[in-house]
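Student: Submitted below is the structure of interest, expressed as structure tokens.
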Amino acid sequence: MKHATSLDPLAENAVIAACALADAAGPERWSAGAVEDAATALEVLAGALSELSPEAAELLEVIPAAVAALRERVEHAPTAAVPARRADAATDPAVLSTGLRRALTAHSLTGHRVHQLGPALLTITLDAAHAQALAVLLAARRELPRQAPAAEDEPRWGAGPAETAAASLAVALAAYGPGTYARVLASGQVTAGLSPMAARQVTEALNTRPAPSAPSSRPRRRGLGHGWKGIDASR
């Protein structure tokens with residue numbers, strides 16, 4: 001596509017802003033004005049994406065109608081737009097996001113961003129070095145056979161620090177559930193996607209201390225002097 005590169009930073013900023021809004025949103029926090037602004041943003045983005053092709057326009061033609069219906073519903077019954085609070089805290093997006101942030105910070109993986117993209121997807125964004133470190137941590141804490149890289153990940157090995165980190169993280173995350181992924185953003189950072197179940201398992205793995213290794217049965221050599229046991233000094 002022409003001019004795709006020039007749109008990458010703008011699109012990335014849009015998803016970052018949307019993720020920040022999704023993280024801040026919650027029961028009883030939506031005002032009528034906030035709903036209107038978010039709905040307008042959805043409509044504008046759908047309109048822009050509709051210009052990709054006639055097929056894209058056909059797929060996205062439901063968005064304006066859905067936005068109009070949402071506006072009408074909020075106008076007549078604002079509380080109807082507020083979702084009910086989840087009864088199960090283990091699947092609450094806010095709980096999952098907060099727990100994952102704390103687990104990453106506990107391992108000094110700072111500078112990360114964790115966002116909830118709807119009920120079925122969380123994303124983690126890190127720099128390449130931290131993404132590689134996270135891959136190593138997750139692989140070490142999962143007592144499963146090493147996962148084979150997906151076919152689409154194989155060309156990324158050795159293509160650069162960010163691409164290699166993304167490929168390593170994708171392989172490590174595959175052991176925590178289906179639907180996980182890792183890819184490189186235009187900024188050079190690595191973003192990973194996880195289902196709520198995978199996010200919970202990753203958090204539990206990071207919070208679990210690895211089992212201590214068994215002590216070696218061989219005596220530790222402290223030197224090769226005449227007093228070291230096992231050396232025949234008469235030779």
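Just so we're on the same page: first chain in the structure tokens is A, next is B, and so on; residues restart at 1 for each chain, and ligands are numbered from 1 in the order they show up.
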Which polymer residues have any atom within 12 Å of an atom of Glu58 (chain A), counting only C-alpha atoms, with same-chain residues fewer than 6 positions away left out, as an MDAnalysis selection string?
Tutor: chainID A and resid 46:47 49:52 64
Student: Please provide as a list in words all residues within 9 Å of Leu138 (chain A), with the sequence filter that same-chain residues fewer than 2 positions apart are discarded (counting only C-alpha atoms).
Tutor: Ala133, Leu134, Ala135, Val136, Ala140, Arg141, Arg142, Leu169, Ala172, Leu173, Ala175, Tyr176, Val202, Ala205 and Leu206 of chain A
Student: Please provide as number ranges by chain all residues within 12 Å of Ala18 (chain A), with the sequence filter that same-chain residues fewer than 2 positions apart are discarded (counting only C-alpha atoms).
Tutor: A: 11-16, 20-25, 37-39, 41-42, 45, 115-118
Student: How many Å lie between CA of Gly179 (chain A) and CA of Leu100 (chain A), rounded to one decimal?
Tutor: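 CA of Gly179 (chain A) sits 17.7 Å away from CA of Leu100 (chain A).
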Student: Tell me which of A:Glu72, A:Glu61, A:Glu163, A:Asp92 sits closest to Pro119 (chain A), counting only C-alpha atoms.
Tutor: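 Ranked by minimum distance to Pro119 (chain A), first place goes to A:Asp92.
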Student: Kindly give the distance, in Å, that separates CA of Trp30 (chain A) and CA of Leu59 (chain A), rounded to a single decimal.
Tutor: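 Interatomic distance, CA of Trp30 (chain A) to CA of Leu59 (chain A): 27.9 Å.
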Student: Choose the residue, out of A:Pro9, A:Gly26, A:Ala174, A:Ala198, that has the smallest atom-to-atom separation from Ala94 (chain A); count only C-alpha atoms.
Tutor: A:Gly26
Student: What is the CA of Gln132 (chain A)-CA of Ser168 (chain A) distance in Å, reported with one decimal?
Tutor: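 Pair CA of Gln132 (chain A) / CA of Ser168 (chain A) returns 6.7 Å.
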Student: Could you name the residues that touch Gly99 (chain A) at 7 Å or less, counting only C-alpha atoms, but leaving out those on the same chain fewer than 4 positions away, as an mmCIF file with N, CA and C atoms, in the first residue's frame?
Tutor:
data_model
loop_
_atom_site.group_PDB
_atom_site.id
_atom_site.type_symbol
_atom_site.label_atom_id
_atom_site.label_comp_id
_atom_site.auth_asym_id
_atom_site.auth_seq_id
_atom_site.Cartn_x
_atom_site.Cartn_y
_atom_site.Cartn_z
ATOM 1 N N VAL A 95 -8.280 -6.419 37.159
ATOM 2 C CA VAL A 95 -7.488 -7.271 38.054
ATOM 3 C C VAL A 95 -6.358 -7.937 37.283
ATOM 4 N N ALA A 103 3.641 -8.083 38.351
ATOM 5 C CA ALA A 103 4.549 -9.210 38.153
ATOM 6 C C ALA A 103 5.730 -8.818 37.263
ATOM 7 N N THR A 203 1.048 -14.455 34.676
ATOM 8 C CA THR A 203 1.206 -13.752 35.947
ATOM 9 C C THR A 203 1.570 -14.728 37.057
#
Student: Write out as a ChimeraX atom specification all residues of region 10-205 of chain A that DSSP puts in strand (DSSP E) for this structure's backbone.
Tutor: /A:113-116,122-126,181-184,190-194
